[in-house]
file work27.pdb (PDB, C-alpha atoms, pLDDT in the B column)
ATOM      1  CA  MET U  71     132.535 101.918 125.909  1.00 44.00           C
ATOM      2  CA  ALA U  72     135.547 103.702 124.583  1.00 49.00           C
ATOM      3  CA  LEU U  73     137.515 102.350 121.666  1.00 47.00           C
ATOM      4  CA  SER U  74     141.245 102.174 121.946  1.00 47.00           C
ATOM      5  CA  HIS U  75     143.150 104.120 119.325  1.00 46.00           C
ATOM      6  CA  ARG U  76     146.172 101.863 119.002  1.00 43.00           C
ATOM      7  CA  LYS U  77     145.517 101.029 115.349  1.00 44.00           C
ATOM      8  CA  ALA U  78     147.702 103.823 114.013  1.00 44.00           C
ATOM      9  CA  ARG U  79     150.730 102.585 115.959  1.00 44.00           C
ATOM     10  CA  THR U  80     150.292  98.818 115.948  1.00 46.00           C
ATOM     11  CA  GLY U  81     148.242  98.040 112.835  1.00 48.00           C
ATOM     12  CA  ALA U  82     145.751  96.196 115.012  1.00 50.00           C
ATOM     13  CA  THR U  83     142.024  96.660 114.717  1.00 51.00           C
ATOM     14  CA  PRO U  84     140.375  98.930 117.319  1.00 53.00           C
ATOM     15  CA  SER U  85     138.933  97.103 120.288  1.00 53.00           C
ATOM     16  CA  ILE U  86     136.751  97.870 123.250  1.00 63.00           C
ATOM     17  CA  ALA U  87     138.761  99.318 126.121  1.00 64.00           C
ATOM     18  CA  GLY U  88     140.213  96.534 128.218  1.00 64.00           C
ATOM     19  CA  ALA U  89     140.009  93.885 125.488  1.00 64.00           C
ATOM     20  CA  PRO U  90     143.151  92.924 123.596  1.00 65.00           C
ATOM     21  CA  ALA U  91     143.524  94.311 120.085  1.00 64.00           C
ATOM     22  CA  ARG U  92     143.316  91.729 117.297  1.00 65.00           C
ATOM     23  CA  ARG U  93     145.412  91.680 114.174  1.00 64.00           C
ATOM     24  CA  GLN U  94     143.492  91.247 110.942  1.00 61.00           C
ATOM     25  CA  GLU U  95     144.467  88.030 109.198  1.00 68.00           C
ATOM     26  CA  TRP U  96     144.520  87.921 105.376  1.00 65.00           C
ATOM     27  CA  PRO U  97     144.535  84.741 103.261  1.00 66.00           C
ATOM     28  CA  GLU U  98     147.673  86.021 101.529  1.00 65.00           C
ATOM     29  CA  GLY U  99     149.507  86.471 104.824  1.00 66.00           C
ATOM     30  CA  SER U 100     151.353  89.608 105.839  1.00 67.00           C
ATOM     31  CA  ALA U 101     152.036  90.573 102.209  1.00 68.00           C
ATOM     32  CA  ALA U 102     148.367  91.102 101.267  1.00 69.00           C
ATOM     33  CA  ASP U 103     147.700  92.517  97.830  1.00 74.00           C
ATOM     34  CA  PRO U 104     144.812  95.051  98.006  1.00 76.00           C
ATOM     35  CA  ASP U 105     144.108  94.710  94.271  1.00 81.00           C
ATOM     36  CA  ALA U 106     143.776  90.932  94.532  1.00 80.00           C
ATOM     37  CA  ALA U 107     141.504  91.304  97.567  1.00 80.00           C
ATOM     38  CA  ARG U 108     139.328  93.824  95.690  1.00 84.00           C
ATOM     39  CA  ALA U 109     139.135  91.533  92.635  1.00 86.00           C
ATOM     40  CA  ARG U 110     138.179  88.562  94.839  1.00 86.00           C
ATOM     41  CA  TYR U 111     135.516  90.661  96.590  1.00 87.00           C
ATOM     42  CA  GLU U 112     134.031  91.925  93.315  1.00 90.00           C
ATOM     43  CA  HIS U 113     133.972  88.396  91.864  1.00 91.00           C
ATOM     44  CA  ASP U 114     132.172  87.066  94.944  1.00 90.00           C
ATOM     45  CA  MET U 115     129.677  89.936  94.841  1.00 91.00           C
ATOM     46  CA  ARG U 116     128.940  89.292  91.149  1.00 91.00           C
ATOM     47  CA  GLU U 117     128.262  85.627  91.895  1.00 90.00           C
ATOM     48  CA  THR U 118     126.032  86.461  94.864  1.00 88.00           C
ATOM     49  CA  ARG U 119     124.029  89.066  92.961  1.00 88.00           C
ATOM     50  CA  GLY U 120     123.661  86.724  89.987  1.00 85.00           C
ATOM     51  CA  ALA U 121     122.295  83.958  92.219  1.00 83.00           C
ATOM     52  CA  ALA U 122     119.857  86.367  93.884  1.00 80.00           C
ATOM     53  CA  ARG U 123     118.745  87.721  90.503  1.00 77.00           C
ATOM     54  CA  GLN U 124     118.140  84.189  89.250  1.00 77.00           C
ATOM     55  CA  ALA U 125     116.158  83.219  92.363  1.00 72.00           C
ATOM     56  CA  LEU U 126     113.959  86.324  92.206  1.00 71.00           C
ATOM     57  CA  ARG U 127     113.400  86.365  88.442  1.00 79.00           C
ATOM     58  CA  ALA U 128     109.711  86.488  87.544  1.00 80.00           C
ATOM     59  CA  GLU U 129     108.236  85.634  84.181  1.00 87.00           C
ATOM     60  CA  LEU U 130     105.015  86.754  82.528  1.00 89.00           C
ATOM     61  CA  PRO U 131     103.112  83.433  82.985  1.00 91.00           C
ATOM     62  CA  HIS U 132     103.858  83.582  86.715  1.00 91.00           C
ATOM     63  CA  ALA U 133     102.592  87.158  86.879  1.00 92.00           C
ATOM     64  CA  HIS U 134      99.388  86.122  85.068  1.00 93.00           C
ATOM     65  CA  LEU U 135      98.945  83.338  87.615  1.00 94.00           C
ATOM     66  CA  GLY U 136      99.419  85.885  90.428  1.00 94.00           C
ATOM     67  CA  LEU U 137      96.759  88.130  88.909  1.00 94.00           C
ATOM     68  CA  GLY U 138      94.405  85.164  88.607  1.00 95.00           C
ATOM     69  CA  LEU U 139      95.008  84.116  92.216  1.00 95.00           C
ATOM     70  CA  MET U 140      94.423  87.664  93.392  1.00 95.00           C
ATOM     71  CA  THR U 141      91.142  87.740  91.460  1.00 95.00           C
ATOM     72  CA  LEU U 142      90.026  84.418  92.965  1.00 96.00           C
ATOM     73  CA  VAL U 143      90.823  85.621  96.478  1.00 94.00           C
ATOM     74  CA  ALA U 144      88.973  88.902  95.855  1.00 95.00           C
ATOM     75  CA  VAL U 145      85.902  87.041  94.573  1.00 95.00           C
ATOM     76  CA  ALA U 146      85.980  84.592  97.510  1.00 96.00           C
ATOM     77  CA  VAL U 147      86.343  87.359 100.075  1.00 95.00           C
ATOM     78  CA  GLY U 148      83.581  89.327  98.342  1.00 95.00           C
ATOM     79  CA  TYR U 149      81.281  86.307  98.353  1.00 95.00           C
ATOM     80  CA  PHE U 150      81.813  85.382 102.010  1.00 94.00           C
ATOM     81  CA  LYS U 151      82.385  88.781 103.646  1.00 93.00           C
ATOM     82  CA  GLY U 152      80.684  91.257 101.346  1.00 92.00           C
ATOM     83  CA  ILE U 153      81.632  93.292  98.333  1.00 92.00           C
ATOM     84  CA  ARG U 154      83.290  96.066 100.357  1.00 92.00           C
ATOM     85  CA  PHE U 155      85.737  93.620 101.912  1.00 92.00           C
ATOM     86  CA  GLY U 156      86.258  91.917  98.571  1.00 93.00           C
ATOM     87  CA  ALA U 157      87.216  95.249  97.012  1.00 94.00           C
ATOM     88  CA  VAL U 158      90.011  95.728  99.543  1.00 94.00           C
ATOM     89  CA  VAL U 159      92.120  92.958  97.968  1.00 93.00           C
ATOM     90  CA  PRO U 160      92.317  94.420  94.437  1.00 94.00           C
ATOM     91  CA  ALA U 161      92.623  97.928  95.905  1.00 95.00           C
ATOM     92  CA  ALA U 162      95.720  96.847  97.826  1.00 94.00           C
ATOM     93  CA  PHE U 163      97.242  95.353  94.675  1.00 94.00           C
ATOM     94  CA  LEU U 164      96.337  98.470  92.714  1.00 94.00           C
ATOM     95  CA  ALA U 165      98.158 100.578  95.300  1.00 96.00           C
ATOM     96  CA  LEU U 166     101.165  98.237  95.093  1.00 93.00           C
ATOM     97  CA  PHE U 167     101.118  98.428  91.286  1.00 93.00           C
ATOM     98  CA  CYS U 168     101.019 102.251  91.418  1.00 94.00           C
ATOM     99  CA  ALA U 169     103.936 102.258  93.858  1.00 94.00           C
ATOM    100  CA  MET U 170     105.887  99.972  91.523  1.00 90.00           C
ATOM    101  CA  LEU U 171     105.056 102.252  88.582  1.00 92.00           C
ATOM    102  CA  ALA U 172     106.351 105.272  90.478  1.00 93.00           C
ATOM    103  CA  GLY U 173     109.483 103.438  91.594  1.00 90.00           C
ATOM    104  CA  ARG U 174     110.333 102.118  88.157  1.00 87.00           C
ATOM    105  CA  PHE U 175     109.569 105.504  86.569  1.00 90.00           C
ATOM    106  CA  ALA U 176     112.038 107.088  88.992  1.00 92.00           C
ATOM    107  CA  THR U 177     114.735 104.639  87.852  1.00 88.00           C
ATOM    108  CA  GLY U 178     114.231 105.599  84.210  1.00 86.00           C
ATOM    109  CA  ALA U 179     111.911 102.920  82.823  1.00 83.00           C
ATOM    110  CA  ARG U 180     109.387 104.223  80.302  1.00 89.00           C
ATOM    111  CA  GLY U 181     106.544 102.992  78.085  1.00 89.00           C
ATOM    112  CA  ARG U 182     105.777  99.279  77.748  1.00 90.00           C
ATOM    113  CA  ASP U 183     108.903  98.369  79.688  1.00 87.00           C
ATOM    114  CA  LEU U 184     107.624 100.413  82.637  1.00 89.00           C
ATOM    115  CA  LEU U 185     104.257  98.632  82.626  1.00 90.00           C
ATOM    116  CA  ARG U 186     105.793  95.178  82.136  1.00 90.00           C
ATOM    117  CA  ARG U 187     108.303  95.543  84.948  1.00 87.00           C
ATOM    118  CA  SER U 188     105.702  96.961  87.326  1.00 89.00           C
ATOM    119  CA  TYR U 189     103.317  94.115  86.461  1.00 91.00           C
ATOM    120  CA  LEU U 190     106.037  91.526  87.077  1.00 89.00           C
ATOM    121  CA  LEU U 191     107.009  93.118  90.381  1.00 87.00           C
ATOM    122  CA  THR U 192     103.396  93.266  91.550  1.00 90.00           C
ATOM    123  CA  PHE U 193     102.162  89.819  90.526  1.00 91.00           C
ATOM    124  CA  GLY U 194     105.357  87.799  89.959  1.00 89.00           C
ATOM    125  CA  TRP U 195     105.147  86.337  93.463  1.00 88.00           C
ATOM    126  CA  ALA U 196     103.100  83.461  92.056  1.00 87.00           C
ATOM    127  CA  GLN U 197     106.301  81.792  90.836  1.00 85.00           C
ATOM    128  CA  TRP U 198     106.663  80.282  94.300  1.00 83.00           C
ATOM    129  CA  PHE U 199     103.390  78.320  94.033  1.00 79.00           C
TER     130      PHE U 199
END

call {"tool": "encode", "arguments": {"input": "work27.pdb", "output": "structure tokens"}}
result
Amino acid sequence: MALSHRKARTGATPSIAGAPARRQEWPEGSAADPDAARARYEHDMRETRGAARQALRAELPHAHLGLGLMTLVAVAVGYFKGIRFGAVVPAAFLALFCAMLAGRFATGARGRDLLRRSYLLTFGWAQWF
């Protein structure tokens, strides 16, 4: 599928060969202000990121609950399936915690902040229970 290259002459967006080219419509009309569009975009992105940050925020009590649930599952699996299978659960979380430590260390976190953030990222999933 070849794209038509009429954009430079007509101002229309490129289209698949044979399909009509479409003009891009702006809320401001033909006299679109790029600075206003950029400001609107950045404002919308800030709102979206803020909502996502709020939805994914984990707190220390939730992380403690996640650690407790992981321990209960490990004990239950160890009781019913054997200690080797029960050890797989905490080993998986230990590997996840180490990966979070490495990732946060790469972003510049150090000391207690590094451990706290890694702990929250590993066990903070319990906030949804």

call {"tool": "resolve_selection", "arguments": {"input": "work27.pdb", "expression": "the PyMOL selection byres ((chain U and resi 160-167) around 9)", "output": "list in words"}}
result
Met140, Thr141, Ala144, Gly156, Ala157, Val158, Val159, Cys168, Ala169, Met170, Leu171, Ala172, Ser188, Tyr189, Leu191, Thr192 and Phe193 of chain U

call {"tool": "atom_distance", "arguments": {"input": "work27.pdb", "atom1": "CA of Arg127 (chain U)", "atom2": "CA of Gln197 (chain U)"}}
result
8.8 Å

call {"tool": "atom_distance", "arguments": {"input": "work27.pdb", "atom1": "CA of Leu139 (chain U)", "atom2": "CA of Lys151 (chain U)"}}
result
17.7 Å

call {"tool": "axis_aligned_box", "arguments": {"input": "work27.pdb", "around": "region 138-152 of chain U", "padding_each_side": "8 Å", "output": "JSON"}}
result
{"center_x": 87.8, "center_y": 87.7, "center_z": 96.1, "size_x": 30.3, "size_y": 23.1, "size_z": 31.0}

call {"tool": "resolve_selection", "arguments": {"input": "work27.pdb", "expression": "the PyMOL selection byres ((chain U and resi 136) around 7)", "output": "PyMOL selection string"}}
result
chain U and resi 132-135+137-140+193-196

call {"tool": "build_atoms", "arguments": {"input": "work27.pdb", "residues": "region 113-137 of chain U", "atoms": "N, CA, C and O atoms", "output": "PDB file, in the coordinates of the input"}}
result
ATOM      1  N   HIS U 113     134.382  89.658  92.463  1.00 91.00           N
ATOM      2  CA  HIS U 113     133.972  88.396  91.864  1.00 91.00           C
ATOM      3  C   HIS U 113     132.915  87.712  92.722  1.00 91.00           C
ATOM      4  O   HIS U 113     131.896  87.236  92.215  1.00 91.00           O
ATOM      5  N   ASP U 114     133.141  87.673  94.038  1.00 90.00           N
ATOM      6  CA  ASP U 114     132.172  87.066  94.944  1.00 90.00           C
ATOM      7  C   ASP U 114     130.841  87.818  94.933  1.00 90.00           C
ATOM      8  O   ASP U 114     129.775  87.210  94.973  1.00 90.00           O
ATOM      9  N   MET U 115     130.905  89.144  94.877  1.00 91.00           N
ATOM     10  CA  MET U 115     129.677  89.936  94.841  1.00 91.00           C
ATOM     11  C   MET U 115     128.908  89.704  93.542  1.00 91.00           C
ATOM     12  O   MET U 115     127.679  89.622  93.547  1.00 91.00           O
ATOM     13  N   ARG U 116     129.605  89.584  92.424  1.00 91.00           N
ATOM     14  CA  ARG U 116     128.940  89.292  91.149  1.00 91.00           C
ATOM     15  C   ARG U 116     128.217  87.950  91.210  1.00 91.00           C
ATOM     16  O   ARG U 116     127.087  87.812  90.743  1.00 91.00           O
ATOM     17  N   GLU U 117     128.882  86.943  91.775  1.00 90.00           N
ATOM     18  CA  GLU U 117     128.262  85.627  91.895  1.00 90.00           C
ATOM     19  C   GLU U 117     127.043  85.668  92.799  1.00 90.00           C
ATOM     20  O   GLU U 117     126.003  85.081  92.496  1.00 90.00           O
ATOM     21  N   THR U 118     127.142  86.368  93.919  1.00 88.00           N
ATOM     22  CA  THR U 118     126.032  86.461  94.864  1.00 88.00           C
ATOM     23  C   THR U 118     124.851  87.191  94.244  1.00 88.00           C
ATOM     24  O   THR U 118     123.706  86.751  94.357  1.00 88.00           O
ATOM     25  N   ARG U 119     125.114  88.307  93.595  1.00 88.00           N
ATOM     26  CA  ARG U 119     124.029  89.066  92.961  1.00 88.00           C
ATOM     27  C   ARG U 119     123.390  88.278  91.828  1.00 88.00           C
ATOM     28  O   ARG U 119     122.183  88.328  91.626  1.00 88.00           O
ATOM     29  N   GLY U 120     124.207  87.542  91.069  1.00 85.00           N
ATOM     30  CA  GLY U 120     123.661  86.724  89.987  1.00 85.00           C
ATOM     31  C   GLY U 120     122.740  85.630  90.516  1.00 85.00           C
ATOM     32  O   GLY U 120     121.683  85.370  89.946  1.00 85.00           O
ATOM     33  N   ALA U 121     123.135  85.003  91.618  1.00 83.00           N
ATOM     34  CA  ALA U 121     122.295  83.958  92.219  1.00 83.00           C
ATOM     35  C   ALA U 121     120.996  84.549  92.748  1.00 83.00           C
ATOM     36  O   ALA U 121     119.917  83.967  92.578  1.00 83.00           O
ATOM     37  N   ALA U 122     121.068  85.716  93.376  1.00 80.00           N
ATOM     38  CA  ALA U 122     119.857  86.367  93.884  1.00 80.00           C
ATOM     39  C   ALA U 122     118.949  86.783  92.733  1.00 80.00           C
ATOM     40  O   ALA U 122     117.727  86.622  92.799  1.00 80.00           O
ATOM     41  N   ARG U 123     119.531  87.311  91.674  1.00 77.00           N
ATOM     42  CA  ARG U 123     118.745  87.721  90.503  1.00 77.00           C
ATOM     43  C   ARG U 123     118.034  86.516  89.893  1.00 77.00           C
ATOM     44  O   ARG U 123     116.869  86.592  89.509  1.00 77.00           O
ATOM     45  N   GLN U 124     118.728  85.392  89.817  1.00 77.00           N
ATOM     46  CA  GLN U 124     118.140  84.189  89.250  1.00 77.00           C
ATOM     47  C   GLN U 124     117.007  83.665  90.135  1.00 77.00           C
ATOM     48  O   GLN U 124     115.968  83.233  89.639  1.00 77.00           O
ATOM     49  N   ALA U 125     117.181  83.718  91.441  1.00 72.00           N
ATOM     50  CA  ALA U 125     116.158  83.219  92.363  1.00 72.00           C
ATOM     51  C   ALA U 125     114.917  84.099  92.364  1.00 72.00           C
ATOM     52  O   ALA U 125     113.803  83.613  92.558  1.00 72.00           O
ATOM     53  N   LEU U 126     115.087  85.390  92.147  1.00 71.00           N
ATOM     54  CA  LEU U 126     113.959  86.324  92.206  1.00 71.00           C
ATOM     55  C   LEU U 126     113.383  86.665  90.840  1.00 71.00           C
ATOM     56  O   LEU U 126     112.484  87.496  90.748  1.00 71.00           O
ATOM     57  N   ARG U 127     113.876  86.060  89.791  1.00 79.00           N
ATOM     58  CA  ARG U 127     113.400  86.365  88.442  1.00 79.00           C
ATOM     59  C   ARG U 127     111.951  85.909  88.279  1.00 79.00           C
ATOM     60  O   ARG U 127     111.587  84.790  88.591  1.00 79.00           O
ATOM     61  N   ALA U 128     111.117  86.803  87.800  1.00 80.00           N
ATOM     62  CA  ALA U 128     109.711  86.488  87.544  1.00 80.00           C
ATOM     63  C   ALA U 128     109.468  86.532  86.043  1.00 80.00           C
ATOM     64  O   ALA U 128     110.070  87.323  85.328  1.00 80.00           O
ATOM     65  N   GLU U 129     108.580  85.685  85.591  1.00 87.00           N
ATOM     66  CA  GLU U 129     108.236  85.634  84.181  1.00 87.00           C
ATOM     67  C   GLU U 129     106.760  85.964  84.010  1.00 87.00           C
ATOM     68  O   GLU U 129     105.987  85.906  84.963  1.00 87.00           O
ATOM     69  N   LEU U 130     106.377  86.312  82.803  1.00 89.00           N
ATOM     70  CA  LEU U 130     105.015  86.754  82.528  1.00 89.00           C
ATOM     71  C   LEU U 130     103.954  85.704  82.887  1.00 89.00           C
ATOM     72  O   LEU U 130     102.934  86.071  83.479  1.00 89.00           O
ATOM     73  N   PRO U 131     104.135  84.408  82.575  1.00 91.00           N
ATOM     74  CA  PRO U 131     103.112  83.433  82.985  1.00 91.00           C
ATOM     75  C   PRO U 131     102.911  83.388  84.504  1.00 91.00           C
ATOM     76  O   PRO U 131     101.785  83.224  84.977  1.00 91.00           O
ATOM     77  N   HIS U 132     103.989  83.555  85.256  1.00 91.00           N
ATOM     78  CA  HIS U 132     103.858  83.582  86.715  1.00 91.00           C
ATOM     79  C   HIS U 132     103.078  84.806  87.164  1.00 91.00           C
ATOM     80  O   HIS U 132     102.271  84.736  88.094  1.00 91.00           O
ATOM     81  N   ALA U 133     103.321  85.943  86.525  1.00 92.00           N
ATOM     82  CA  ALA U 133     102.592  87.158  86.879  1.00 92.00           C
ATOM     83  C   ALA U 133     101.108  87.006  86.542  1.00 92.00           C
ATOM     84  O   ALA U 133     100.247  87.456  87.305  1.00 92.00           O
ATOM     85  N   HIS U 134     100.786  86.356  85.412  1.00 93.00           N
ATOM     86  CA  HIS U 134      99.388  86.122  85.068  1.00 93.00           C
ATOM     87  C   HIS U 134      98.728  85.223  86.108  1.00 93.00           C
ATOM     88  O   HIS U 134      97.577  85.443  86.493  1.00 93.00           O
ATOM     89  N   LEU U 135      99.461  84.213  86.565  1.00 94.00           N
ATOM     90  CA  LEU U 135      98.945  83.338  87.615  1.00 94.00           C
ATOM     91  C   LEU U 135      98.698  84.136  88.897  1.00 94.00           C
ATOM     92  O   LEU U 135      97.685  83.940  89.577  1.00 94.00           O
ATOM     93  N   GLY U 136      99.604  85.042  89.239  1.00 94.00           N
ATOM     94  CA  GLY U 136      99.419  85.885  90.428  1.00 94.00           C
ATOM     95  C   GLY U 136      98.195  86.765  90.308  1.00 94.00           C
ATOM     96  O   GLY U 136      97.443  86.943  91.279  1.00 94.00           O
ATOM     97  N   LEU U 137      97.961  87.324  89.132  1.00 94.00           N
ATOM     98  CA  LEU U 137      96.759  88.130  88.909  1.00 94.00           C
ATOM     99  C   LEU U 137      95.511  87.272  89.043  1.00 94.00           C
ATOM    100  O   LEU U 137      94.521  87.690  89.662  1.00 94.00           O
TER     101      LEU U 137
END
